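The next block holds one structure in the form of structure tokens; read it before the comments.
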Amino acid sequence: MKKLNIIAVIIMVFIITIPNLNTSTAYGDTASALTNADPVIALTNYEIVDGKLEIGEEFTIKVTIKNCNKYADAYNVVVDVASQDLALRLSDDSVNQVYFETIGAGKEVSFEQTFALGDAYPYDNAMLTYTFYYSNAATEEFDNRTIITPKVVIPCKLTLNILSVASSATLGSRSLVNVRCTNSGTIDIEDITMNIEGAVNDKYKSIELGSLKANEQLMQDCYITFNSVGKQDIKISFTYHDKEGNEYTLDKSEYTVNVTSNTTKPRTSSLNGKMKKIWTLLEAGIIIIIILAIIIKIWLNKRKQNLY
């Protein structure tokens, strides 16, 4: 009986001890695996914080990168950025590499870069490739990359080739404004309006020039009339829209026009004056002829009397 009790105690101790040993070993293996894990750097977010992602414009992008491992720091982190086309390039104030001495486990860091998007950029998206070079605590080196493709806005772009305004005008008479412009964008312009500020009649303050297809040119002669004399300063600007209703503007141009009053006498009054003079001369001539006829007749009668 005594031997049976001893055997039972031994069995119970064994049953209790074995699970505890397994649990301790599992915890130890997990901790060891996490301690020896490698850091992983990845781009987790980006946003345009300044400017416009449009053809011909500059934009500043804020990039956030993260060490996705919660247990291992990343050391000597170098971020290198490259674009798919030379027309998408870094501005003069930005560099293509950013360096961080350490990015802690599970930590995020952010940085900004400014790019210029040239007129010749041929794609609908601005493809930027970010490559990350870094090492772990044991100086083992790693690299990986993330590609982002933010959408590029390709606006219709109106280029003003010629805007000619007559330097002098007559009050109330039509004055010429010659316009020649080109749609330098890749999408059609739905409508173009020429806006004029200054001493012009209200009906000419907004002049519709119509639509314009991509890469085509428009030439048009427009006429305005002034409502004040003297040197008049006018400002001319243009507004236009794309098919989605987005509005664009061209900066104002200023012109000075010398407007004079109409001093020419009416042609009818001049003709009437001449006609009056002619009639007066004709009347005088007729009177003289009548008087001469009477004198001749009297002289002829007297002559006849003397003959008899």
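Residues in the structure tokens are named by chain (A, B, ... in the order shown) and by number from 1 within that chain; ligands are numbered from 1 in the order shown.
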Quiz item: Could you pull out the alpha helix (DSSP H) residues of region 179-288 of chain A from DSSP and send them as a ChimeraX atom specification?
Solution: /A:267-288
Determine, counting only C-alpha atoms, which protein, DNA and RNA residues have an atom within 6 Å of an atom of Arg180 (chain A); residues of the same chain fewer than 3 positions away are not included. Present the result as a ChimeraX atom specification.
-> /A:161-162,218-219
For the selection you just gave me, I'd like the residues written to a file as a PDB file, in the first residue's frame, keeping C-alpha atoms.
ATOM      1  CA  ASN A 161      -0.507  83.863 -78.953  1.00  0.00           C
ATOM      2  CA  ILE A 162      -1.730  87.347 -79.932  1.00  0.00           C
ATOM      3  CA  LEU A 218      -8.490  80.067 -82.774  1.00  0.00           C
ATOM      4  CA  MET A 219      -8.283  83.458 -84.531  1.00  0.00           C
TER       5      MET A 219
END
Original post:
Could you pull out the strand (DSSP E) residues of region 41-266 of chain A from DSSP and send them as a ChimeraX atom specification?
Top reply: /A:41-51,58-67,74-83,88-90,97-103,108-117,128-135,141-148,158-165,168-170,175-183,189-197,206-212,217-224,230-241,247-260
Got a sec: who's within 7 Å of Ser168 (chain A), counting only C-alpha atoms, leaving out chain neighbours fewer than 6 positions off, as a compact mmCIF listing (two decimals) with N, CA and C atoms, in the first residue's frame?
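See result-v3.txt below for the written result:
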# COMPACT_ATOMS: atom_id res chain seq x y z
N VAL A 257 -6.05 103.01 -74.13
CA VAL A 257 -6.62 103.42 -75.41
C VAL A 257 -7.00 104.89 -75.32
N ASN A 258 -6.58 105.68 -76.31
CA ASN A 258 -6.93 107.10 -76.36
C ASN A 258 -8.25 107.25 -77.11
N VAL A 259 -9.29 107.62 -76.38
CA VAL A 259 -10.64 107.73 -76.96
C VAL A 259 -10.97 109.20 -77.18
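Computed from the coordinates, the CA of Glu283 (chain A) to CA of Ile296 (chain A) distance equals 20.0 Å.
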note - CA of Ser167 (chain A) and CA of Tyr255 (chain A) are separated by 8.1 Å
The distance between CA of Leu160 (chain A) and CA of Val177 (chain A) is 13.4 Å
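Using only C-alpha atoms for every distance, the candidate list A:Tyr75, A:Phe115, A:Tyr99, A:Tyr123 yields A:Tyr75 as the residue closest to Glu140 (chain A).
Remark: for Asn178 (chain A), the closest of the candidate residues A:Leu209, A:Lys277, A:Ala137, A:Ala293 is A:Leu209 (distances computed over only C-alpha atoms).
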Using only C-alpha atoms, the shortest atom-to-atom distance to Gly172 (chain A) among A:Thr146, A:Tyr223, A:Lys297, A:Thr193 belongs to A:Tyr223
In terms of only C-alpha atoms, the residue from A:Ala169, A:Ala214, A:Ala74, A:Ala116 at minimal distance from Thr139 (chain A) is A:Ala74
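All residues of protein, DNA or RNA that reach within 8 Å of Ser237 (chain A), judged by only C-alpha atoms and not counting those fewer than 5 positions away in the chain, are Met194, Asn195, Ile196, Thr249, Leu250, Asp251, Lys252 and Ser253 of chain A.
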Closest of A:Met275, A:Leu163, A:Val79, A:Leu212 to Thr182 (chain A), counting only C-alpha atoms, is A:Leu212
Exercise for review: Write out as a list in words each polymer residue whose atoms come within 10 Å of Arg89 (chain A), counting only C-alpha atoms; drop sequence neighbours fewer than 6 positions from it.
Suggested key: Glu58, Ala82, Ser83, Asn96, Thr114, Phe115, Ala116, Leu117 and Gly118 of chain A
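In this comparison, which uses only C-alpha atoms, the residue of A:Phe100, A:Phe111, A:Tyr121, A:Phe238 approaching Thr60 (chain A) most closely is A:Phe111.
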*Within 8 Å of Tyr240 (chain A), counting only C-alpha atoms, which residues show up once you throw out same-chain ones fewer than 2 positions away? Write them as an MDAnalysis selection string, please.*
chainID A and resid 189:193 238 242 247:249
Writer output for current selection, N, CA and C atoms, as a PDB file, in the first residue's frame:
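Dumped to selection.pdb:
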ATOM      1  N   ILE A 189     -11.269  72.229 -74.945  1.00  0.00           N
ATOM      2  CA  ILE A 189     -11.832  73.319 -74.146  1.00  0.00           C
ATOM      3  C   ILE A 189     -13.281  73.507 -74.579  1.00  0.00           C
ATOM      4  N   GLU A 190     -14.171  73.518 -73.600  1.00  0.00           N
ATOM      5  CA  GLU A 190     -15.596  73.606 -73.908  1.00  0.00           C
ATOM      6  C   GLU A 190     -16.022  75.015 -74.299  1.00  0.00           C
ATOM      7  N   ASP A 191     -15.521  76.023 -73.629  1.00  0.00           N
ATOM      8  CA  ASP A 191     -15.897  77.398 -73.978  1.00  0.00           C
ATOM      9  C   ASP A 191     -14.817  78.350 -73.496  1.00  0.00           C
ATOM     10  N   ILE A 192     -14.663  79.442 -74.244  1.00  0.00           N
ATOM     11  CA  ILE A 192     -13.686  80.491 -73.906  1.00  0.00           C
ATOM     12  C   ILE A 192     -14.427  81.824 -73.855  1.00  0.00           C
ATOM     13  N   THR A 193     -14.194  82.583 -72.804  1.00  0.00           N
ATOM     14  CA  THR A 193     -14.819  83.894 -72.660  1.00  0.00           C
ATOM     15  C   THR A 193     -13.738  84.945 -72.449  1.00  0.00           C
ATOM     16  N   PHE A 238      -9.134  86.017 -69.627  1.00  0.00           N
ATOM     17  CA  PHE A 238      -9.871  84.935 -70.273  1.00  0.00           C
ATOM     18  C   PHE A 238     -10.227  83.866 -69.249  1.00  0.00           C
ATOM     19  N   ASP A 242     -13.176  72.930 -68.918  1.00  0.00           N
ATOM     20  CA  ASP A 242     -13.062  71.629 -69.570  1.00  0.00           C
ATOM     21  C   ASP A 242     -14.421  70.941 -69.540  1.00  0.00           C
ATOM     22  N   GLU A 247     -12.937  75.223 -64.047  1.00  0.00           N
ATOM     23  CA  GLU A 247     -12.695  76.557 -64.618  1.00  0.00           C
ATOM     24  C   GLU A 247     -11.221  76.924 -64.507  1.00  0.00           C
ATOM     25  N   TYR A 248     -10.708  77.533 -65.573  1.00  0.00           N
ATOM     26  CA  TYR A 248      -9.323  77.993 -65.617  1.00  0.00           C
ATOM     27  C   TYR A 248      -9.326  79.463 -66.053  1.00  0.00           C
ATOM     28  N   THR A 249      -8.273  80.184 -65.707  1.00  0.00           N
ATOM     29  CA  THR A 249      -8.188  81.602 -66.061  1.00  0.00           C
ATOM     30  C   THR A 249      -6.808  81.926 -66.612  1.00  0.00           C
TER      31      THR A 249
END
